[in-house]
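Chemist: Coordinates in work28.pdb, PDB, C-alpha atoms, are listed below.
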ATOM      1  CA  MET N 217       4.752  31.068 -34.529
ATOM      2  CA  LYS N 218       3.863  28.060 -36.661
ATOM      3  CA  THR N 219       7.294  26.538 -36.070
ATOM      4  CA  GLN N 220       6.995  27.033 -32.311
ATOM      5  CA  SER N 221       3.477  25.593 -32.298
ATOM      6  CA  LEU N 222       4.655  22.535 -34.193
ATOM      7  CA  PHE N 223       7.514  22.111 -31.736
ATOM      8  CA  ASN N 224       5.112  22.265 -28.804
ATOM      9  CA  LEU N 225       2.848  19.692 -30.430
ATOM     10  CA  LEU N 226       5.811  17.402 -30.936
ATOM     11  CA  LYS N 227       6.747  17.727 -27.270
ATOM     12  CA  ILE N 228       3.225  16.838 -26.219
ATOM     13  CA  GLY N 229       3.193  13.906 -28.616
ATOM     14  CA  VAL N 230       6.468  12.535 -27.297
ATOM     15  CA  ALA N 231       5.313  12.884 -23.679
ATOM     16  CA  THR N 232       2.005  11.180 -24.433
ATOM     17  CA  PHE N 233       3.721   8.416 -26.389
ATOM     18  CA  GLY N 234       5.976   7.768 -23.407
ATOM     19  CA  ILE N 235       3.009   7.028 -21.157
ATOM     20  CA  PHE N 236       2.261   3.956 -23.261
ATOM     21  CA  PHE N 237       5.530   2.291 -22.339
ATOM     22  CA  VAL N 238       6.365   0.589 -19.066
ATOM     23  CA  ALA N 239       9.933  -0.690 -19.062
ATOM     24  CA  GLY N 240      10.137  -4.196 -20.434
ATOM     25  CA  GLN N 241       6.348  -4.541 -20.795
ATOM     26  CA  GLY N 242       5.608  -3.599 -24.403
ATOM     27  CA  ALA N 243       3.206  -0.908 -25.578
ATOM     28  CA  TYR N 244       0.064  -0.292 -23.511
ATOM     29  CA  ALA N 245      -1.395   2.527 -21.494
ATOM     30  CA  SER N 246      -0.810   2.375 -17.744
ATOM     31  CA  ASP N 247      -4.272   1.956 -16.264
ATOM     32  CA  LEU N 248      -3.154   2.366 -12.654
ATOM     33  CA  LYS N 249      -1.015   5.494 -12.754
ATOM     34  CA  GLY N 250      -2.128   7.694  -9.843
ATOM     35  CA  THR N 251      -3.525   4.752  -7.844
ATOM     36  CA  ALA N 252      -2.788   4.625  -4.105
ATOM     37  CA  PHE N 253      -2.290   1.166  -2.542
ATOM     38  CA  SER N 254      -2.134   0.703   1.243
ATOM     39  CA  ILE N 255      -1.848  -2.098   3.796
ATOM     40  CA  SER N 256      -1.936  -2.179   7.616
ATOM     41  CA  LEU N 257      -1.578  -4.884  10.196
ATOM     42  CA  GLU N 258      -4.726  -5.886  12.076
ATOM     43  CA  CYS N 259      -3.385  -4.140  15.172
ATOM     44  CA  MET N 260      -2.282  -1.052  13.165
ATOM     45  CA  ASN N 261       1.256  -1.524  14.510
ATOM     46  CA  ASP N 262       2.553  -0.695  11.034
ATOM     47  CA  THR N 263       1.115   0.692   7.805
ATOM     48  CA  THR N 264       2.624   1.324   4.403
ATOM     49  CA  GLY N 265       1.580   2.409   0.923
ATOM     50  CA  LEU N 266       2.615   2.688  -2.716
ATOM     51  CA  PHE N 267       1.560   5.399  -5.171
ATOM     52  CA  MET N 268       1.639   4.248  -8.785
ATOM     53  CA  GLY N 269       3.848   6.493 -10.896
ATOM     54  CA  GLN N 270       5.641   8.150  -7.997
ATOM     55  CA  THR N 271       8.915   6.435  -8.822
ATOM     56  CA  PRO N 272       9.989   4.928 -12.157
ATOM     57  CA  THR N 273       9.554   1.227 -12.768
ATOM     58  CA  ASP N 274      12.700  -0.823 -13.167
ATOM     59  CA  ALA N 275      13.702  -2.689 -16.320
ATOM     60  CA  SER N 276      11.294  -5.499 -15.431
ATOM     61  CA  GLY N 277       8.336  -3.194 -14.840
ATOM     62  CA  TRP N 278       8.353  -3.322 -11.036
ATOM     63  CA  GLN N 279       7.800  -0.252  -8.853
ATOM     64  CA  TYR N 280       9.015  -0.376  -5.239
ATOM     65  CA  ALA N 281       8.045   1.634  -2.139
ATOM     66  CA  LEU N 282      10.284   1.274   0.901
ATOM     67  CA  ASP N 283       8.847   1.731   4.380
ATOM     68  CA  SER N 284      10.710   2.866   7.483
ATOM     69  CA  ASN N 285      12.525  -0.003   9.203
ATOM     70  CA  LYS N 286      11.934   1.636  12.570
ATOM     71  CA  ASP N 287       8.165   2.013  12.828
ATOM     72  CA  GLY N 288       6.744  -1.427  13.629
ATOM     73  CA  MET N 289       5.497  -1.332  17.216
ATOM     74  CA  ASN N 290       6.402  -4.554  19.033
ATOM     75  CA  GLY N 291       5.017  -4.304  22.565
ATOM     76  CA  ASN N 292       7.651  -3.983  25.269
ATOM     77  CA  TYR N 293      10.361  -3.997  22.600
ATOM     78  CA  TRP N 294       8.884  -0.852  21.055
ATOM     79  CA  VAL N 295      10.196  -0.737  17.451
ATOM     80  CA  GLY N 296      12.821  -3.405  18.128
ATOM     81  CA  ALA N 297      12.837  -7.120  18.902
ATOM     82  CA  ALA N 298      14.152  -9.608  21.426
ATOM     83  CA  PRO N 299      17.807 -10.619  20.925
ATOM     84  CA  GLY N 300      18.159 -13.128  18.115
ATOM     85  CA  THR N 301      14.696 -12.458  16.714
ATOM     86  CA  VAL N 302      13.068 -10.128  14.203
ATOM     87  CA  ASN N 303      10.217  -7.722  14.829
ATOM     88  CA  PRO N 304       7.119  -9.493  13.411
ATOM     89  CA  TYR N 305       5.186  -6.218  13.310
ATOM     90  CA  ASP N 306       7.478  -4.437  10.880
ATOM     91  CA  ILE N 307       6.512  -4.033   7.206
ATOM     92  CA  SER N 308       9.504  -3.366   4.966
ATOM     93  CA  GLY N 309       7.613  -2.193   1.907
ATOM     94  CA  MET N 310       5.500  -2.998  -1.116
ATOM     95  CA  ALA N 311       6.151  -3.579  -4.806
ATOM     96  CA  ILE N 312       3.748  -3.637  -7.752
ATOM     97  CA  LYS N 313       4.058  -4.685 -11.368
ATOM     98  CA  GLU N 314       1.381  -3.791 -13.882
ATOM     99  CA  THR N 315       0.988  -5.652 -17.167
ATOM    100  CA  ALA N 316      -1.531  -5.187 -19.955
ATOM    101  CA  THR N 317      -3.997  -7.560 -18.291
ATOM    102  CA  SER N 318      -2.990  -8.030 -14.658
ATOM    103  CA  VAL N 319      -1.385  -6.586 -11.526
ATOM    104  CA  ILE N 320       1.164  -8.313  -9.304
ATOM    105  CA  VAL N 321       1.509  -7.167  -5.695
ATOM    106  CA  ALA N 322       4.387  -8.115  -3.396
ATOM    107  CA  ILE N 323       4.369  -7.241   0.311
ATOM    108  CA  ASN N 324       7.557  -7.706   2.304
ATOM    109  CA  GLY N 325       8.041  -7.669   6.056
ATOM    110  CA  ASN N 326       8.447 -10.005   9.007
ATOM    111  CA  MET N 327       4.769 -10.880   9.413
ATOM    112  CA  LYS N 328       3.780 -14.358   8.229
ATOM    113  CA  LEU N 329       0.706 -14.854   6.079
ATOM    114  CA  THR N 330      -0.669 -16.993   8.926
ATOM    115  CA  GLY N 331      -0.066 -14.208  11.452
ATOM    116  CA  GLU N 332       1.744 -13.924  14.762
ATOM    117  CA  ALA N 333       0.544 -15.901  17.791
ATOM    118  CA  GLU N 334      -0.994 -13.599  20.407
ATOM    119  CA  GLY N 335      -3.076 -15.149  23.172
ATOM    120  CA  GLY N 336      -5.063 -12.032  23.991
ATOM    121  CA  ALA N 337      -6.167 -11.374  20.413
ATOM    122  CA  LEU N 338      -9.268 -12.685  18.688
ATOM    123  CA  GLY N 339      -8.453 -16.044  17.121
ATOM    124  CA  GLY N 340      -5.184 -16.212  19.062
ATOM    125  CA  GLN N 341      -3.202 -14.361  16.415
ATOM    126  CA  ILE N 342      -2.531 -10.981  14.781
ATOM    127  CA  GLY N 343      -1.784 -10.704  11.091
ATOM    128  CA  TYR N 344      -2.176  -8.588   8.004
ATOM    129  CA  GLY N 345      -5.302  -6.593   7.378
ATOM    130  CA  ASP N 346      -6.698  -6.348   3.849
ATOM    131  CA  LEU N 347      -4.999  -4.462   1.016
ATOM    132  CA  PHE N 348      -6.815  -1.339  -0.201
ATOM    133  CA  PHE N 349      -6.447   0.769  -3.331
ATOM    134  CA  ASN N 350      -8.169   3.793  -4.791
ATOM    135  CA  MET N 351      -7.889   4.987  -8.375
ATOM    136  CA  ALA N 352      -9.884   8.187  -7.880
ATOM    137  CA  GLY N 353      -7.131  10.497  -6.594
ATOM    138  CA  LYS N 354      -8.874  10.838  -3.217
ATOM    139  CA  THR N 355      -7.945  10.276   0.396
ATOM    140  CA  PHE N 356      -8.828   6.870   1.853
ATOM    141  CA  GLU N 357     -12.023   8.017   3.579
ATOM    142  CA  ASN N 358     -13.226  10.167   0.675
ATOM    143  CA  ALA N 359     -12.730   7.262  -1.731
ATOM    144  CA  MET N 360     -14.690   4.988   0.584
ATOM    145  CA  SER N 361     -17.524   7.521   0.948
ATOM    146  CA  SER N 362     -17.866   7.913  -2.826
ATOM    147  CA  GLY N 363     -17.771   4.179  -3.547
ATOM    148  CA  ASP N 364     -14.329   4.355  -5.175
ATOM    149  CA  LEU N 365     -12.422   2.180  -2.719
ATOM    150  CA  PHE N 366     -11.237  -1.296  -3.747
ATOM    151  CA  GLY N 367     -10.000  -3.997  -1.403
ATOM    152  CA  ILE N 368      -8.153  -7.292  -1.681
ATOM    153  CA  HIS N 369      -8.743 -10.007   0.895
ATOM    154  CA  PHE N 370      -5.606 -12.154   0.697
ATOM    155  CA  SER N 371      -5.266 -13.609   4.203
ATOM    156  CA  SER N 372      -7.703 -16.354   5.153
ATOM    157  CA  VAL N 373      -6.895 -15.997   8.873
ATOM    158  CA  ASN N 374      -7.578 -12.289   9.377
ATOM    159  CA  ALA N 375     -10.811 -10.854  10.798
ATOM    160  CA  SER N 376     -12.083  -9.393   7.535
ATOM    161  CA  GLY N 377     -15.805  -8.940   6.984
ATOM    162  CA  VAL N 378     -15.568 -10.978   3.764
ATOM    163  CA  GLN N 379     -14.556 -14.614   3.478
ATOM    164  CA  GLN N 380     -13.675 -15.294  -0.144
ATOM    165  CA  LEU N 381     -10.133 -14.396  -1.123
ATOM    166  CA  GLY N 382     -10.074 -11.909  -3.969
ATOM    167  CA  VAL N 383     -10.704  -8.381  -5.184
ATOM    168  CA  TYR N 384     -13.701  -6.306  -4.093
ATOM    169  CA  SER N 385     -15.145  -2.995  -5.316
ATOM    170  CA  GLY N 386     -17.355  -0.440  -3.593
ATOM    171  CA  VAL N 387     -15.604  -1.353  -0.358
ATOM    172  CA  GLN N 388     -16.606  -0.175   3.079
ATOM    173  CA  ALA N 389     -13.755  -0.662   5.556
ATOM    174  CA  LYS N 390     -13.808  -1.331   9.281
ATOM    175  CA  THR N 391     -11.326  -1.656  12.126
ATOM    176  CA  VAL N 392     -10.454  -4.790  14.086
ATOM    177  CA  THR N 393      -7.991  -3.064  16.384
ATOM    178  CA  ASP N 394     -10.273  -3.533  19.405
ATOM    179  CA  SER N 395     -10.175  -7.314  19.103
ATOM    180  CA  LYS N 396      -6.556  -7.483  17.908
ATOM    181  CA  GLU N 397      -4.943  -5.588  20.796
ATOM    182  CA  GLY N 398      -4.190  -2.644  18.574
ATOM    183  CA  TYR N 399      -4.498   1.108  18.236
ATOM    184  CA  SER N 400      -8.244   1.554  18.694
ATOM    185  CA  VAL N 401      -9.908   4.963  18.597
ATOM    186  CA  GLY N 402      -9.734   5.050  22.384
ATOM    187  CA  TYR N 403      -5.965   4.796  22.184
ATOM    188  CA  GLY N 404      -5.726   7.489  19.542
ATOM    189  CA  GLY N 405      -5.649   5.318  16.433
ATOM    190  CA  LEU N 406      -3.018   6.295  13.912
ATOM    191  CA  ALA N 407      -2.172   9.844  14.959
ATOM    192  CA  GLY N 408      -4.696  11.046  17.524
ATOM    193  CA  ASP N 409      -3.923  13.221  20.519
ATOM    194  CA  GLY N 410      -2.426  11.614  23.577
ATOM    195  CA  TRP N 411       0.603   9.521  24.389
ATOM    196  CA  ILE N 412      -0.641   6.145  23.166
ATOM    197  CA  SER N 413      -1.500   6.681  19.495
ATOM    198  CA  TYR N 414       0.572   4.747  16.950
ATOM    199  CA  GLU N 415       2.658   7.690  15.742
ATOM    200  CA  THR N 416       3.284   8.969  19.263
ATOM    201  CA  GLN N 417       4.503   5.609  20.522
ATOM    202  CA  VAL N 418       6.783   5.038  17.539
ATOM    203  CA  LYS N 419       8.488   8.345  18.268
ATOM    204  CA  GLN N 420       8.665   7.601  21.990
ATOM    205  CA  GLY N 421      10.330   4.304  21.168
ATOM    206  CA  GLY N 422      13.019   6.032  19.137
ATOM    207  CA  GLY N 423      11.517   5.066  15.793
ATOM    208  CA  VAL N 424      10.813   6.968  12.597
ATOM    209  CA  VAL N 425       7.249   6.894  11.271
ATOM    210  CA  GLY N 426       6.943   6.018   7.584
ATOM    211  CA  TYR N 427       4.096   5.140   5.241
ATOM    212  CA  GLY N 428       6.008   4.168   2.120
ATOM    213  CA  ASP N 429       4.988   6.585  -0.638
ATOM    214  CA  LEU N 430       2.140   8.042   1.450
ATOM    215  CA  THR N 431       1.780  10.038   4.675
ATOM    216  CA  SER N 432      -0.696   9.949   7.531
ATOM    217  CA  SER N 433      -2.626  12.715   5.740
ATOM    218  CA  TYR N 434      -3.843  10.190   3.165
ATOM    219  CA  PHE N 435      -5.358   8.045   5.895
ATOM    220  CA  THR N 436      -6.551  10.802   8.273
ATOM    221  CA  ASN N 437      -8.260  12.768   5.478
ATOM    222  CA  ASN N 438      -5.783  15.629   5.820
ATOM    223  CA  GLY N 439      -5.997  15.657   9.603
ATOM    224  CA  LYS N 440      -9.803  15.590   9.850
ATOM    225  CA  ASP N 441      -9.756  12.125  11.436
ATOM    226  CA  ASN N 442      -6.463  11.570  13.224
ATOM    227  CA  THR N 443      -7.822   8.502  15.033
ATOM    228  CA  PHE N 444      -8.098   6.633  11.715
ATOM    229  CA  ASN N 445      -7.645   2.869  12.135
ATOM    230  CA  LEU N 446      -9.585   1.168   9.324
ATOM    231  CA  ASN N 447      -7.710  -1.947   8.276
ATOM    232  CA  VAL N 448     -10.004  -4.659   6.868
ATOM    233  CA  ILE N 449     -12.911  -4.934   4.451
ATOM    234  CA  ASP N 450     -16.330  -4.721   6.059
ATOM    235  CA  SER N 451     -18.317  -5.204   2.848
ATOM    236  CA  GLY N 452     -17.933  -4.949  -0.916
ATOM    237  CA  LYS N 453     -18.791  -6.504  -4.255
ATOM    238  CA  TYR N 454     -16.649  -9.498  -5.205
ATOM    239  CA  LEU N 455     -14.972  -9.041  -8.603
ATOM    240  CA  ASN N 456     -12.407 -11.788  -9.147
ATOM    241  CA  GLY N 457      -9.874 -13.992  -7.434
ATOM    242  CA  ILE N 458      -6.136 -13.819  -6.793
ATOM    243  CA  SER N 459      -3.304 -16.225  -7.591
ATOM    244  CA  PHE N 460      -0.415 -16.511  -5.147
ATOM    245  CA  LEU N 461       3.142 -16.303  -6.401
ATOM    246  CA  ALA N 462       4.739 -16.400  -2.916
ATOM    247  CA  GLN N 463       3.405 -17.084   0.572
ATOM    248  CA  GLY N 464       6.490 -16.481   2.696
ATOM    249  CA  ASP N 465       9.605 -17.495   0.809
ATOM    250  CA  VAL N 466      10.562 -15.843  -2.477
ATOM    251  CA  THR N 467       9.744 -18.371  -5.188
ATOM    252  CA  GLN N 468      11.161 -18.973  -8.638
ATOM    253  CA  GLN N 469       7.717 -18.142  -9.991
ATOM    254  CA  LEU N 470       7.987 -14.660  -8.482
ATOM    255  CA  LEU N 471      11.585 -14.174  -9.592
ATOM    256  CA  THR N 472      10.572 -15.042 -13.148
ATOM    257  CA  THR N 473       8.530 -11.822 -13.207
ATOM    258  CA  GLY N 474      11.726  -9.826 -12.658
ATOM    259  CA  TYR N 475      11.072  -9.157  -8.963
ATOM    260  CA  ASP N 476      14.197  -7.947  -7.131
ATOM    261  CA  ALA N 477      14.396  -9.904  -3.876
ATOM    262  CA  ASN N 478      17.182  -7.625  -2.618
ATOM    263  CA  LYS N 479      15.038  -4.485  -2.418
ATOM    264  CA  PHE N 480      13.604  -5.300   1.011
ATOM    265  CA  ASN N 481      15.054  -6.840   4.152
ATOM    266  CA  GLY N 482      11.984  -8.554   5.617
ATOM    267  CA  THR N 483      11.932 -12.322   6.158
ATOM    268  CA  GLN N 484       8.496 -12.841   4.591
ATOM    269  CA  THR N 485       7.350 -12.068   1.034
ATOM    270  CA  ILE N 486       3.685 -12.401   0.118
ATOM    271  CA  ALA N 487       2.929 -11.953  -3.577
ATOM    272  CA  PHE N 488      -0.210 -12.456  -5.609
ATOM    273  CA  GLU N 489      -1.615 -11.560  -9.016
ATOM    274  CA  PHE N 490      -5.081 -10.397 -10.035
ATOM    275  CA  LYS N 491      -6.721  -9.547 -13.339
ATOM    276  CA  LYS N 492      -7.477  -5.930 -14.232
ATOM    277  CA  SER N 493     -10.804  -6.846 -15.797
ATOM    278  CA  GLY N 494     -13.630  -5.202 -13.872
ATOM    279  CA  ILE N 495     -11.230  -2.856 -12.084
ATOM    280  CA  VAL N 496     -10.051  -0.425 -14.720
ATOM    281  CA  GLN N 497     -12.490   2.448 -14.979
ATOM    282  CA  SER N 498     -12.789   5.471 -17.257
ATOM    283  CA  THR N 499     -11.930   8.552 -15.207
ATOM    284  CA  PRO N 500     -12.909  12.032 -16.467
ATOM    285  CA  GLU N 501      -9.880  14.216 -17.111
ATOM    286  CA  PRO N 502     -10.620  16.776 -14.336
ATOM    287  CA  ALA N 503     -10.990  14.015 -11.751
ATOM    288  CA  SER N 504      -7.633  12.506 -12.702
ATOM    289  CA  LEU N 505      -5.934  15.711 -11.616
ATOM    290  CA  ALA N 506      -7.081  15.027  -8.073
ATOM    291  CA  GLY N 507      -4.292  12.466  -7.943
ATOM    292  CA  LEU N 508      -1.839  15.340  -7.707
ATOM    293  CA  GLY N 509      -3.058  15.893  -4.165
ATOM    294  CA  ILE N 510      -1.916  12.422  -3.202
ATOM    295  CA  VAL N 511       1.397  12.925  -4.995
ATOM    296  CA  GLY N 512       1.903  16.062  -2.932
ATOM    297  CA  LEU N 513       1.274  14.154   0.273
ATOM    298  CA  ALA N 514       3.722  11.477  -0.783
ATOM    299  CA  LEU N 515       6.419  14.030  -1.563
ATOM    300  CA  ALA N 516       5.978  15.594   1.861
ATOM    301  CA  GLY N 517       6.386  12.190   3.444
ATOM    302  CA  SER N 518       9.527  11.417   1.479
ATOM    303  CA  LYS N 519      11.373  14.231   3.218
ATOM    304  CA  ARG N 520      10.735  12.566   6.545
ATOM    305  CA  ARG N 521      11.962   9.164   5.492
ATOM    306  CA  LYS N 522      15.508   7.960   5.103
ATOM    307  CA  LYS N 523      17.588  10.173   2.853
ATOM    308  CA  SER N 524      18.652   7.151   0.847
ATOM    309  CA  ILE N 525      15.120   6.810  -0.551
ATOM    310  CA  SER N 526      14.896   8.917  -3.701
ATOM    311  CA  VAL N 527      11.619  10.327  -4.997
ATOM    312  CA  ALA N 528      10.993  11.042  -8.656
ATOM    313  CA  ILE N 529       7.799  11.994 -10.414
ATOM    314  CA  GLY N 530       7.574  10.902 -14.035
TER     315      GLY N 530
END
Can the structure in the file be given as structure tokens, please?

Modeler:
Amino acid sequence: MKTQSLFNLLKIGVATFGIFFVAGQGAYASDLKGTAFSISLECMNDTTGLFMGQTPTDASGWQYALDSNKDGMNGNYWVGAAPGTVNPYDISGMAIKETATSVIVAINGNMKLTGEAEGGALGGQIGYGDLFFNMAGKTFENAMSSGDLFGIHFSSVNASGVQQLGVYSGVQAKTVTDSKEGYSVGYGGLAGDGWISYETQVKQGGGVVGYGDLTSSYFTNNGKDNTFNLNVIDSGKYLNGISFLAQGDVTQQLLTTGYDANKFNGTQTIAFEFKKSGIVQSTPEPASLAGLGIVGLALAGSKRRKKSISVAIG
């Protein structure tokens, strides 16, 4: 019995010790494991997400989440584009690298940081919404209700409720789909009933709905709010700023971090870094287990995405 007990303790010790290593990053505890990141366009024509720890980091410490290449709604072209052009409303995916003191986020797709010209939209353009993340192992709406939702305002041209670029805590989100010619509640939002919700139209256009590591259940609170369409910060407490590493083209500064520019096929790469100070919180052990619910949702979604995308839980 004593020998078996010692063996079990050794196994636990080895597993725990392994958590303190992210490939190529030295020894430190991952503060963001179990965190769900998500981003939508202002019109909700595409949405994607990344769940920290769902797939292993590469040798440089980057984790990648690939989105469906056939789920960006593009008006009369559905999920396609005019000959000789790319679909500006398609997000290819997201990548994140965590270090001991900071987080680097890279978003890849065909949408420019300055947005896409659209005469009928507020401001004459449609672009990215704000980036959201929640470390509490909750759905988007539950995290927002409990004050656990963070947001990053990184586009100075979007219709966010905050002006200063940077990271915000205690975020309340809102939708700008009404003014950005998007999937408002009246149209069914993300997955509401009817023939004009986002998911319905993607399928009608011959596309395949994908949310990166997540599924619509994360956003719709497990189907309780299928008309979900929150995509920008309404209010929040400013924490700190961001530093851009790329604003369209992949830069040498970004490549120096070990970022693999071949992972995605979008024409635009937006990357920025922010400090973890003020963000990392102590989470009681029972609450951390709630993250398993989000992992389960992500696994369900992986079966509906391209077979070439592998899913591994560390």

Chemist: Pick out the closest residue to Tyr427 (chain N) from this set: N:Leu470, N:Val387, N:Leu248, N:Leu282. Count all atoms listed in the file.

Modeler: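 Ranking N:Leu470, N:Val387, N:Leu248, N:Leu282 by distance to Tyr427 (chain N), first place goes to N:Leu282.
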
Chemist: Which residues would end up in the selection if the PyMOL selection byres ((chain N and resi 357-372) around 6) were applied here, given that I need the answer as a PyMOL selection string?

Modeler: chain N and resi 346-350+354-356+373-374+381-387

Chemist: Any idea what the distance is between CA of Gln388 (chain N) and CA of Ser451 (chain N)?

Modeler: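 According to the coordinates, CA of Gln388 (chain N) and CA of Ser451 (chain N) are separated by 5.3 Å.
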
Chemist: Can you list what the PyMOL selection byres ((chain N and resi 304) around 7) grabs from this structure, as a list in words?

Modeler: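 With the PyMOL selection byres ((chain N and resi 304) around 7) on this model, the match is Val302, Asn303, Tyr305, Asp306, Asn326 and Met327 of chain N.
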
Chemist: Around (7.6, 2.7, 4.7) in the file's own coordinates, what residues are found within 7 Å if you use all atoms listed in the file, given back as an MDAnalysis selection string?

Modeler: chainID N and resid 264 281:284 308:309 426:428

Chemist: Give me, as JSON lines, each residue of region 380-478 of chain N that comes within 8 Å of region 252-258 of chain N, together with its shortest interatomic pair and the distance in Å at one decimal, counting all atoms listed in the file, with rows ordered by chain and rising residue number.

Modeler:
{"residue": "N:Thr391", "atom": "CA", "partner": "N:Glu258", "partner_atom": "CA", "distance": 7.8}
{"residue": "N:Val392", "atom": "CA", "partner": "N:Glu258", "partner_atom": "CA", "distance": 6.2}
{"residue": "N:Thr393", "atom": "CA", "partner": "N:Glu258", "partner_atom": "CA", "distance": 6.1}
{"residue": "N:Lys396", "atom": "CA", "partner": "N:Glu258", "partner_atom": "CA", "distance": 6.3}
{"residue": "N:Gly398", "atom": "CA", "partner": "N:Glu258", "partner_atom": "CA", "distance": 7.3}
{"residue": "N:Asn447", "atom": "CA", "partner": "N:Ser256", "partner_atom": "CA", "distance": 5.8}
{"residue": "N:Val448", "atom": "CA", "partner": "N:Glu258", "partner_atom": "CA", "distance": 7.5}

Chemist: Could you add the missing atoms to region 295-306 of chain N, up to N, CA, C and O atoms, and return them as a compact mmCIF listing (two decimals), in the frame of the given file?

Modeler:
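Below you can see part38.txt, which holds the result:
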# COMPACT_ATOMS: atom_id res chain seq x y z
N VAL N 295 10.02 -0.48 18.89
CA VAL N 295 10.20 -0.74 17.45
C VAL N 295 11.33 -1.73 17.20
O VAL N 295 11.79 -1.89 16.07
N GLY N 296 11.75 -2.43 18.25
CA GLY N 296 12.82 -3.40 18.13
C GLY N 296 12.31 -4.82 18.31
O GLY N 296 11.13 -5.11 18.09
N ALA N 297 13.19 -5.71 18.72
CA ALA N 297 12.84 -7.12 18.90
C ALA N 297 13.74 -7.74 19.94
O ALA N 297 14.80 -7.20 20.28
N ALA N 298 13.33 -8.88 20.47
CA ALA N 298 14.15 -9.61 21.43
C ALA N 298 15.44 -10.05 20.75
O ALA N 298 15.47 -10.27 19.54
N PRO N 299 16.53 -10.18 21.51
CA PRO N 299 17.81 -10.62 20.92
C PRO N 299 17.66 -11.92 20.14
O PRO N 299 17.01 -12.86 20.59
N GLY N 300 18.21 -11.94 18.94
CA GLY N 300 18.16 -13.13 18.11
C GLY N 300 16.86 -13.33 17.35
O GLY N 300 16.69 -14.37 16.70
N THR N 301 15.97 -12.34 17.42
CA THR N 301 14.70 -12.46 16.71
C THR N 301 14.48 -11.23 15.83
O THR N 301 15.23 -10.26 15.90
N VAL N 302 13.44 -11.28 15.01
CA VAL N 302 13.07 -10.13 14.20
C VAL N 302 11.74 -9.59 14.71
O VAL N 302 10.98 -10.30 15.38
N ASN N 303 11.47 -8.34 14.42
CA ASN N 303 10.22 -7.72 14.83
C ASN N 303 9.11 -8.17 13.87
O ASN N 303 9.10 -7.76 12.71
N PRO N 304 8.15 -8.98 14.33
CA PRO N 304 7.12 -9.49 13.41
C PRO N 304 6.14 -8.42 12.96
O PRO N 304 5.40 -8.63 11.99
N TYR N 305 6.15 -7.28 13.63
CA TYR N 305 5.19 -6.22 13.31
C TYR N 305 5.78 -5.12 12.43
O TYR N 305 5.23 -4.03 12.35
N ASP N 306 6.86 -5.43 11.76
CA ASP N 306 7.48 -4.44 10.88
C ASP N 306 7.25 -4.81 9.42
O ASP N 306 7.57 -5.92 9.00
